[in-house]
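Below is the file target-v1.csv, which contains CSV, C-alpha atoms.
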```csv
chain,number,residue,atom,x,y,z
A,1,MET,CA,64.9,-5.0,-47.4
A,2,ILE,CA,67.6,-2.5,-48.5
A,3,GLN,CA,71.1,-3.4,-47.6
A,4,TYR,CA,73.7,-0.6,-47.0
A,5,GLU,CA,77.4,-1.2,-47.5
A,6,THR,CA,78.7,1.3,-45.0
A,7,ASP,CA,77.6,3.1,-41.8
A,8,GLU,CA,77.7,6.4,-43.7
A,9,GLU,CA,75.1,5.1,-46.1
A,10,LYS,CA,72.9,4.1,-43.2
A,11,VAL,CA,73.2,7.5,-41.7
A,12,GLU,CA,72.4,9.2,-44.9
A,13,ALA,CA,69.4,7.0,-45.4
A,14,ILE,CA,68.1,7.8,-41.9
A,15,LYS,CA,68.6,11.5,-42.5
A,16,LYS,CA,66.6,11.3,-45.8
A,17,TRP,CA,63.8,9.3,-44.1
A,18,TRP,CA,63.6,11.9,-41.3
A,19,LYS,CA,63.5,14.7,-43.7
A,20,ASP,CA,60.6,13.1,-45.6
A,21,ASN,CA,58.6,11.9,-42.5
A,22,GLY,CA,59.8,13.8,-39.5
A,23,VAL,CA,57.0,16.4,-39.5
A,24,SER,CA,54.2,13.8,-39.7
A,25,VAL,CA,55.9,11.8,-36.9
A,26,ILE,CA,56.1,14.9,-34.6
A,27,ALA,CA,52.5,15.8,-35.5
A,28,GLY,CA,51.3,12.3,-34.7
A,29,VAL,CA,53.0,12.3,-31.3
A,30,ALA,CA,51.7,15.8,-30.5
A,31,ILE,CA,48.1,14.8,-31.4
A,32,GLY,CA,48.4,11.6,-29.4
A,33,LEU,CA,49.7,13.5,-26.3
A,34,GLY,CA,47.0,16.2,-26.8
A,35,ALA,CA,44.3,13.5,-26.8
A,36,VAL,CA,45.7,11.9,-23.7
A,37,PHE,CA,46.0,15.1,-21.7
A,38,GLY,CA,42.8,16.5,-23.1
A,39,TRP,CA,40.9,13.3,-22.0
A,40,ARG,CA,42.6,13.6,-18.5
A,41,ALA,CA,41.5,17.2,-18.2
A,42,TRP,CA,37.9,16.2,-19.2
A,43,VAL,CA,37.8,13.4,-16.7
A,44,ASP,CA,39.1,15.7,-13.9
A,45,TYR,CA,36.5,18.3,-14.8
A,46,ARG,CA,33.7,15.8,-14.9
A,47,ASP,CA,34.7,14.3,-11.6
A,48,GLY,CA,34.9,17.8,-10.1
A,49,VAL,CA,31.4,18.7,-11.3
A,50,ALA,CA,30.1,15.4,-10.0
A,51,GLY,CA,31.7,16.1,-6.6
A,52,GLN,CA,30.1,19.5,-6.4
A,53,ALA,CA,26.7,18.1,-7.5
A,54,SER,CA,27.0,15.3,-4.9
A,55,ALA,CA,27.6,17.9,-2.1
A,56,VAL,CA,24.5,19.9,-3.1
A,57,PHE,CA,22.4,16.7,-3.3
A,58,GLU,CA,23.5,15.6,0.2
A,59,GLN,CA,22.4,19.0,1.6
A,60,LEU,CA,19.1,18.6,-0.2
A,61,LEU,CA,18.6,15.1,1.3
A,62,ALA,CA,19.2,16.5,4.8
A,63,ASN,CA,16.7,19.3,4.3
A,64,ALA,CA,14.1,17.0,2.7
A,65,THR,CA,14.4,14.6,5.6
A,66,GLY,CA,14.0,17.5,8.0
A,67,SER,CA,10.8,18.6,6.2
A,68,GLN,CA,12.4,21.8,4.9
A,69,ALA,CA,10.6,21.5,1.6
A,70,GLU,CA,11.2,25.2,0.5
A,71,THR,CA,15.0,24.9,1.1
A,72,ALA,CA,15.1,21.6,-0.6
A,73,SER,CA,13.3,23.1,-3.6
A,74,LYS,CA,15.9,25.9,-3.9
A,75,GLN,CA,18.7,23.3,-3.8
A,76,ALA,CA,16.9,21.2,-6.4
A,77,LYS,CA,16.8,24.3,-8.6
A,78,THR,CA,20.6,24.8,-8.1
A,79,LEU,CA,21.1,21.2,-9.3
A,80,ASP,CA,18.9,21.9,-12.3
A,81,ASP,CA,20.6,25.1,-13.2
A,82,GLU,CA,24.3,24.3,-12.5
A,83,PHE,CA,24.5,20.5,-12.7
A,84,GLY,CA,21.7,19.6,-15.1
A,85,SER,CA,23.9,17.2,-17.1
A,86,THR,CA,24.4,15.0,-14.0
A,87,PRO,CA,21.9,12.4,-12.6
A,88,TYR,CA,21.9,14.4,-9.4
A,89,ALA,CA,19.5,17.0,-10.9
A,90,ALA,CA,16.8,14.3,-11.6
A,91,LEU,CA,17.4,12.7,-8.2
A,92,GLY,CA,17.1,16.0,-6.5
A,93,SER,CA,13.8,16.7,-8.1
A,94,LEU,CA,12.6,13.2,-7.1
A,95,VAL,CA,13.5,13.8,-3.4
A,96,THR,CA,12.0,17.4,-3.5
A,97,ALA,CA,8.8,16.1,-5.0
A,98,LYS,CA,8.4,13.8,-2.0
A,99,ALA,CA,9.1,16.6,0.5
A,100,LEU,CA,6.7,18.9,-1.3
A,101,TYR,CA,3.9,16.3,-1.3
A,102,GLU,CA,4.4,15.6,2.4
A,103,ALA,CA,4.3,19.3,3.0
A,104,GLY,CA,0.9,19.5,1.3
A,105,ASP,CA,2.2,21.2,-1.9
A,106,VAL,CA,0.7,18.9,-4.5
A,107,PRO,CA,1.2,21.2,-7.5
A,108,GLY,CA,4.8,21.7,-6.5
A,109,ALA,CA,5.3,18.0,-6.2
A,110,VAL,CA,3.7,17.4,-9.6
A,111,SER,CA,5.8,20.1,-11.2
A,112,ALA,CA,9.0,18.5,-9.8
A,113,LEU,CA,8.1,15.1,-11.1
A,114,GLU,CA,7.2,16.4,-14.5
A,115,ARG,CA,10.7,18.0,-14.7
A,116,VAL,CA,12.2,14.6,-14.0
A,117,ILE,CA,10.1,12.9,-16.7
A,118,ALA,CA,11.1,15.5,-19.2
A,119,ASP,CA,14.8,15.9,-18.5
A,120,ALA,CA,16.0,12.7,-16.7
A,121,PRO,CA,19.2,11.4,-18.4
A,122,ASP,CA,18.3,7.8,-17.5
A,123,PRO,CA,14.9,6.4,-18.7
A,124,ALA,CA,14.6,4.5,-15.4
A,125,LEU,CA,14.5,7.7,-13.4
A,126,ALA,CA,11.8,9.0,-15.7
A,127,GLN,CA,9.7,5.9,-15.1
A,128,ILE,CA,10.1,6.2,-11.3
A,129,ALA,CA,9.0,9.8,-11.6
A,130,ALA,CA,6.0,8.7,-13.7
A,131,LEU,CA,5.0,6.1,-11.2
A,132,ARG,CA,5.1,8.6,-8.3
A,133,LEU,CA,3.2,11.2,-10.4
A,134,ALA,CA,0.5,8.6,-11.3
A,135,ARG,CA,0.1,7.7,-7.6
A,136,ILE,CA,-0.3,11.4,-6.6
A,137,GLN,CA,-2.8,11.8,-9.4
A,138,VAL,CA,-4.8,8.9,-8.1
A,139,ALA,CA,-4.7,10.2,-4.6
A,140,ASP,CA,-5.8,13.6,-5.8
A,141,GLY,CA,-8.7,12.1,-7.7
A,142,GLN,CA,-7.2,12.8,-11.2
A,143,LEU,CA,-8.0,9.4,-12.5
A,144,ASP,CA,-7.9,10.2,-16.2
A,145,ALA,CA,-4.6,12.0,-15.8
A,146,ALA,CA,-3.2,9.0,-13.9
A,147,GLU,CA,-4.4,6.6,-16.6
A,148,ARG,CA,-2.6,8.7,-19.3
A,149,THR,CA,0.6,8.8,-17.2
A,150,VAL,CA,0.6,5.1,-16.8
A,151,ALA,CA,-0.2,4.5,-20.5
A,152,ALA,CA,2.6,6.8,-21.6
A,153,HIS,CA,5.4,5.3,-19.4
A,154,ASP,CA,4.6,1.6,-18.9
A,155,LYS,CA,7.3,0.1,-21.1
A,156,GLY,CA,6.7,-3.5,-20.2
A,157,ASP,CA,10.0,-3.9,-18.3
A,158,ALA,CA,11.1,-3.9,-14.7
A,159,TYR,CA,8.4,-1.6,-13.6
A,160,THR,CA,5.5,-3.5,-15.2
A,161,GLY,CA,4.3,-4.8,-11.8
A,162,ASP,CA,4.3,-1.3,-10.2
A,163,PHE,CA,2.4,0.2,-13.1
A,164,ALA,CA,-0.1,-2.6,-12.9
A,165,ALA,CA,-0.6,-1.8,-9.2
A,166,VAL,CA,-1.4,1.8,-10.2
A,167,ARG,CA,-3.9,0.5,-12.7
A,168,GLY,CA,-5.5,-1.4,-9.9
A,169,ASP,CA,-5.7,1.7,-7.8
A,170,ILE,CA,-7.4,3.6,-10.7
A,171,ALA,CA,-9.9,0.8,-11.2
A,172,ALA,CA,-10.6,0.5,-7.5
A,173,ALA,CA,-11.2,4.3,-7.3
A,174,ARG,CA,-13.7,4.0,-10.1
A,175,GLY,CA,-15.5,1.1,-8.4
A,176,ASN,CA,-14.5,-1.5,-11.0
A,177,GLN,CA,-13.6,-4.2,-8.6
A,178,ALA,CA,-13.0,-6.9,-11.2
A,179,ALA,CA,-10.5,-4.8,-13.1
A,180,ALA,CA,-8.8,-3.8,-9.8
A,181,ARG,CA,-8.5,-7.4,-8.8
A,182,ALA,CA,-7.0,-8.4,-12.2
A,183,ALA,CA,-4.5,-5.5,-12.1
A,184,TYR,CA,-3.4,-6.2,-8.5
A,185,GLU,CA,-2.9,-9.9,-9.3
A,186,GLN,CA,-0.9,-8.9,-12.4
A,187,ALA,CA,1.2,-6.6,-10.2
A,188,ILE,CA,2.0,-9.4,-7.8
A,189,GLU,CA,2.8,-11.8,-10.5
A,190,ALA,CA,5.0,-9.3,-12.4
A,191,GLY,CA,7.0,-8.5,-9.2
A,192,THR,CA,5.8,-5.2,-7.8
A,193,GLY,CA,8.1,-3.5,-5.4
A,194,LEU,CA,5.3,-3.4,-2.8
A,195,PRO,CA,4.0,-6.9,-2.8
A,196,GLN,CA,2.6,-6.9,0.8
A,197,LEU,CA,0.8,-3.6,0.2
A,198,ILE,CA,-0.7,-4.8,-3.0
A,199,ARG,CA,-1.7,-8.1,-1.4
A,200,LEU,CA,-3.5,-6.1,1.3
A,201,LYS,CA,-5.3,-4.0,-1.2
A,202,LEU,CA,-6.3,-7.2,-3.1
A,203,ASP,CA,-7.6,-8.9,0.1
A,204,ASN,CA,-9.6,-5.8,1.0
A,205,LEU,CA,-11.5,-5.8,-2.3
A,206,PRO,CA,-15.1,-7.0,-2.0
A,207,ALA,CA,-15.5,-10.7,-2.8
A,208,ALA,CA,-16.3,-11.5,-6.4
A,209,ASP,CA,-19.8,-12.7,-7.1
```
Encoded form (structure tokens):
Amino acid sequence: MIQYETDEEKVEAIKKWWKDNGVSVIAGVAIGLGAVFGWRAWVDYRDGVAGQASAVFEQLLANATGSQAETASKQAKTLDDEFGSTPYAALGSLVTAKALYEAGDVPGAVSALERVIADAPDPALAQIAALRLARIQVADGQLDAAERTVAAHDKGDAYTGDFAAVRGDIAAARGNQAAARAAYEQAIEAGTGLPQLIRLKLDNLPAAD
């Protein structure tokens, strides 16, 4: 460590250090402050967007519950167009698909679910949409399409039981009781979200020979 004999020497040394390093110090502080305030601005913007998307989604929920499927569809489009980067867009399409299906608009419901599968920011949302799509396809008699949907989106994770239940529905619709029974049993064992319903379907299958 350098030793200075007098205060004047210390002052001169400080002046020299500042002359050599002052610009970089100021630049570092400015960059640091810019990062802090820039991040804060981004967080505020993100929260503002999320708040607006949440408000539209709440309106959509109210309309979907009130069976106003057309209005809900328009609000879902607003979420897609203006807030597509938020999870509310996918959630809005899920809710709208249910409202459209209950209103008898099967193609509209299918289209809404396909949008979720294609654009959902969270893989779990895409899987939920795929499950609902497969169930609609089974109910509509599109068994091959339902089978493809299940095969493409059953990842062997938390939704394994639910996808197995849909496989049971497909097999039952084709008259393959043995395959339906095996799939329903797998669904219950894997922890389907609708165990009582699947148990009822299993009990209603014809007895095995």
Please compute the CA of Ile198 (chain A)-CA of Glu185 (chain A) distance, one decimal, in Å.
8.4 Å
Nearest-residue call for Ala109 (chain A), choices A:Leu205, A:Ile136, A:Leu131, A:Ala183, using only C-alpha atoms:
A:Ile136
Within 12 Å of Ile188 (chain A), counting only C-alpha atoms, which residues qualify if same-chain residues fewer than 2 places away don't, as a ChimeraX atom specification?
/A:159-166,168,181-186,190-202
What separation in Å, quoted to one decimal, exists between CA of Ala187 (chain A) and CA of Leu125 (chain A)?
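CA of Ala187 (chain A) sits 19.8 Å away from CA of Leu125 (chain A).
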Two-atom distance - CA of Ala139 (chain A), CA of Lys74 (chain A) (Å)
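CA of Lys74 (chain A) lies at a distance of 25.9 Å from CA of Ala139 (chain A).
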